[in-house]
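Taking it in order: structure first as structure tokens, then the write-up.
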Amino acid sequence: MSQRQRRVARDLAVFIITTFALVIIVSANRDRNNVNDCRRQIDHAAAALAAELAADHQLPLALPLDSKLRNDRTHYNYAPASLAVSGDHGEPAVVYCTAPHALLTRSNGRHVAIKRGRSIEVSWMTEREFREQSERLGCRAAP
């Protein structure tokens, strides 16, 4: 193999490795941004709903979303009736992502806002955890 062929092979290998590394970095950044944007929106909604619960008000029929963030109501399943059914017993999911976040660099999952006593806590659940707990939380897990 000539010196030129070795240099071309080396440059090609560096190009492939660099491209692969960039794809992984961009994918990880996309995953992080998607999950963080959703988390900020569901945190905003959970805080507004917790304030309504603390004031002994009826929960609003429409999910209170922050207009400065992603305002896609179809992304979330909002179930205010689950609180009326559970009363002060149980820990129902009040809001959760309708479909799991399809992630490339970690397990798919969704945010779930759960009523615990007089507060609402938001947590991230992998899709496996969500399916295992969906009945207890009163959620519909898609097949």
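By order of appearance in the structure tokens: chains A, B, ..., then residues from 1 within every chain, and ligands from 1 in the order shown.
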
So which bits of chain A end up helix (DSSP H, G or I) when you DSSP the backbone, as a PyMOL selection string? chain A and resi 3-54+73-75+81-86+127-137

Any idea what's packed within 9 Å of Ile42 (chain A), counting only C-alpha atoms, ignoring anything in its chain fewer than 5 positions away? Could you give it as an MDAnalysis selection string? chainID A and resid 37 47 65 76 95:97 111:113 122

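Reported to one decimal place, the separation of CA of Leu49 (chain A) from CA of Leu63 (chain A) is 8.5 Å.
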
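Taking only C-alpha atoms, the non-local environment of Asp31 (chain A) within 12 Å (same-chain residues fewer than 4 positions away omitted) comprises Ile24, Ile25, Val26, Ser27, Val35, Asn36, Asp37, Cys38, His101, Ala102, Leu103, Leu104, Thr105, Arg106, Ser107, Asn108 and Gly109 of chain A.
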
How would you write, as a PyMOL selection string, the set of residues in region 3-138 of chain A that DSSP gives as strand (DSSP E or B)? chain A and resi 76-78+93-97+101+109-116+119-126

Export of prior selection with N, CA and C atoms as a PDB file, in the first residue's frame:
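The result, stored in selection.pdb:
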ATOM      1  N   TYR A  76     -50.286  16.288  25.723  1.00  0.00           N
ATOM      2  CA  TYR A  76     -50.579  15.914  27.111  1.00  0.00           C
ATOM      3  C   TYR A  76     -51.976  15.331  27.241  1.00  0.00           C
ATOM      4  N   ASN A  77     -52.100  14.359  28.134  1.00  0.00           N
ATOM      5  CA  ASN A  77     -53.400  13.824  28.498  1.00  0.00           C
ATOM      6  C   ASN A  77     -53.715  14.396  29.885  1.00  0.00           C
ATOM      7  N   TYR A  78     -54.751  15.198  29.953  1.00  0.00           N
ATOM      8  CA  TYR A  78     -55.135  15.876  31.187  1.00  0.00           C
ATOM      9  C   TYR A  78     -56.419  15.234  31.676  1.00  0.00           C
ATOM     10  N   ALA A  93     -52.596   9.926  38.281  1.00  0.00           N
ATOM     11  CA  ALA A  93     -51.888  10.824  37.360  1.00  0.00           C
ATOM     12  C   ALA A  93     -52.887  11.847  36.864  1.00  0.00           C
ATOM     13  N   VAL A  94     -52.559  13.110  37.013  1.00  0.00           N
ATOM     14  CA  VAL A  94     -53.441  14.184  36.579  1.00  0.00           C
ATOM     15  C   VAL A  94     -53.103  14.585  35.146  1.00  0.00           C
ATOM     16  N   VAL A  95     -51.823  14.655  34.839  1.00  0.00           N
ATOM     17  CA  VAL A  95     -51.352  15.022  33.509  1.00  0.00           C
ATOM     18  C   VAL A  95     -50.200  14.092  33.153  1.00  0.00           C
ATOM     19  N   TYR A  96     -50.178  13.626  31.918  1.00  0.00           N
ATOM     20  CA  TYR A  96     -49.044  12.854  31.444  1.00  0.00           C
ATOM     21  C   TYR A  96     -48.920  13.003  29.940  1.00  0.00           C
ATOM     22  N   CYS A  97     -47.737  12.745  29.422  1.00  0.00           N
ATOM     23  CA  CYS A  97     -47.512  12.821  27.980  1.00  0.00           C
ATOM     24  C   CYS A  97     -48.339  11.731  27.311  1.00  0.00           C
ATOM     25  N   HIS A 101     -41.785   9.934  24.662  1.00  0.00           N
ATOM     26  CA  HIS A 101     -40.770  10.654  23.895  1.00  0.00           C
ATOM     27  C   HIS A 101     -39.870   9.602  23.253  1.00  0.00           C
ATOM     28  N   GLY A 109     -39.551   7.481  27.243  1.00  0.00           N
ATOM     29  CA  GLY A 109     -40.322   7.682  28.463  1.00  0.00           C
ATOM     30  C   GLY A 109     -41.227   8.882  28.342  1.00  0.00           C
ATOM     31  N   ARG A 110     -41.872   9.232  29.460  1.00  0.00           N
ATOM     32  CA  ARG A 110     -42.783  10.374  29.498  1.00  0.00           C
ATOM     33  C   ARG A 110     -42.814  10.984  30.882  1.00  0.00           C
ATOM     34  N   HIS A 111     -43.249  12.230  30.922  1.00  0.00           N
ATOM     35  CA  HIS A 111     -43.453  12.916  32.196  1.00  0.00           C
ATOM     36  C   HIS A 111     -44.851  12.609  32.690  1.00  0.00           C
ATOM     37  N   VAL A 112     -44.962  12.442  33.991  1.00  0.00           N
ATOM     38  CA  VAL A 112     -46.238  12.154  34.617  1.00  0.00           C
ATOM     39  C   VAL A 112     -46.373  13.054  35.839  1.00  0.00           C
ATOM     40  N   ALA A 113     -47.490  13.783  35.916  1.00  0.00           N
ATOM     41  CA  ALA A 113     -47.783  14.618  37.087  1.00  0.00           C
ATOM     42  C   ALA A 113     -48.759  13.842  37.958  1.00  0.00           C
ATOM     43  N   ILE A 114     -48.333  13.520  39.170  1.00  0.00           N
ATOM     44  CA  ILE A 114     -49.095  12.648  40.074  1.00  0.00           C
ATOM     45  C   ILE A 114     -49.558  13.453  41.279  1.00  0.00           C
ATOM     46  N   LYS A 115     -50.821  13.281  41.635  1.00  0.00           N
ATOM     47  CA  LYS A 115     -51.359  13.941  42.833  1.00  0.00           C
ATOM     48  C   LYS A 115     -50.937  13.135  44.047  1.00  0.00           C
ATOM     49  N   ARG A 116     -50.236  13.806  44.947  1.00  0.00           N
ATOM     50  CA  ARG A 116     -49.821  13.177  46.205  1.00  0.00           C
ATOM     51  C   ARG A 116     -50.297  14.081  47.322  1.00  0.00           C
ATOM     52  N   SER A 119     -50.618  18.064  46.923  1.00  0.00           N
ATOM     53  CA  SER A 119     -49.644  18.583  45.970  1.00  0.00           C
ATOM     54  C   SER A 119     -49.618  17.720  44.709  1.00  0.00           C
ATOM     55  N   ILE A 120     -48.951  18.234  43.707  1.00  0.00           N
ATOM     56  CA  ILE A 120     -48.788  17.501  42.452  1.00  0.00           C
ATOM     57  C   ILE A 120     -47.297  17.451  42.149  1.00  0.00           C
ATOM     58  N   GLU A 121     -46.784  16.237  41.983  1.00  0.00           N
ATOM     59  CA  GLU A 121     -45.362  16.036  41.723  1.00  0.00           C
ATOM     60  C   GLU A 121     -45.176  15.520  40.307  1.00  0.00           C
ATOM     61  N   VAL A 122     -44.175  16.038  39.637  1.00  0.00           N
ATOM     62  CA  VAL A 122     -43.862  15.611  38.277  1.00  0.00           C
ATOM     63  C   VAL A 122     -42.661  14.682  38.312  1.00  0.00           C
ATOM     64  N   SER A 123     -42.761  13.572  37.594  1.00  0.00           N
ATOM     65  CA  SER A 123     -41.621  12.666  37.514  1.00  0.00           C
ATOM     66  C   SER A 123     -41.497  12.125  36.096  1.00  0.00           C
ATOM     67  N   TRP A 124     -40.291  11.683  35.775  1.00  0.00           N
ATOM     68  CA  TRP A 124     -40.007  11.064  34.488  1.00  0.00           C
ATOM     69  C   TRP A 124     -40.120   9.559  34.676  1.00  0.00           C
ATOM     70  N   MET A 125     -40.838   8.910  33.794  1.00  0.00           N
ATOM     71  CA  MET A 125     -40.952   7.454  33.842  1.00  0.00           C
ATOM     72  C   MET A 125     -40.542   6.887  32.492  1.00  0.00           C
ATOM     73  N   THR A 126     -39.727   5.839  32.542  1.00  0.00           N
ATOM     74  CA  THR A 126     -39.448   5.147  31.285  1.00  0.00           C
ATOM     75  C   THR A 126     -40.750   4.497  30.832  1.00  0.00           C
TER      76      THR A 126
END

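Using only C-alpha atoms, the shortest contact distance between Glu52 (chain A) and any of A:Leu22, A:Arg30, A:Asp11, A:Arg118 is found at A:Arg118.
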
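For the atom pair formed by CA of Ala81 (chain A) and CA of Leu53 (chain A), the distance is 13.2 Å, given to one decimal.
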
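The interatomic distance for the pair CA of Arg73 (chain A) and CA of Leu61 (chain A) works out to 12.4 Å.
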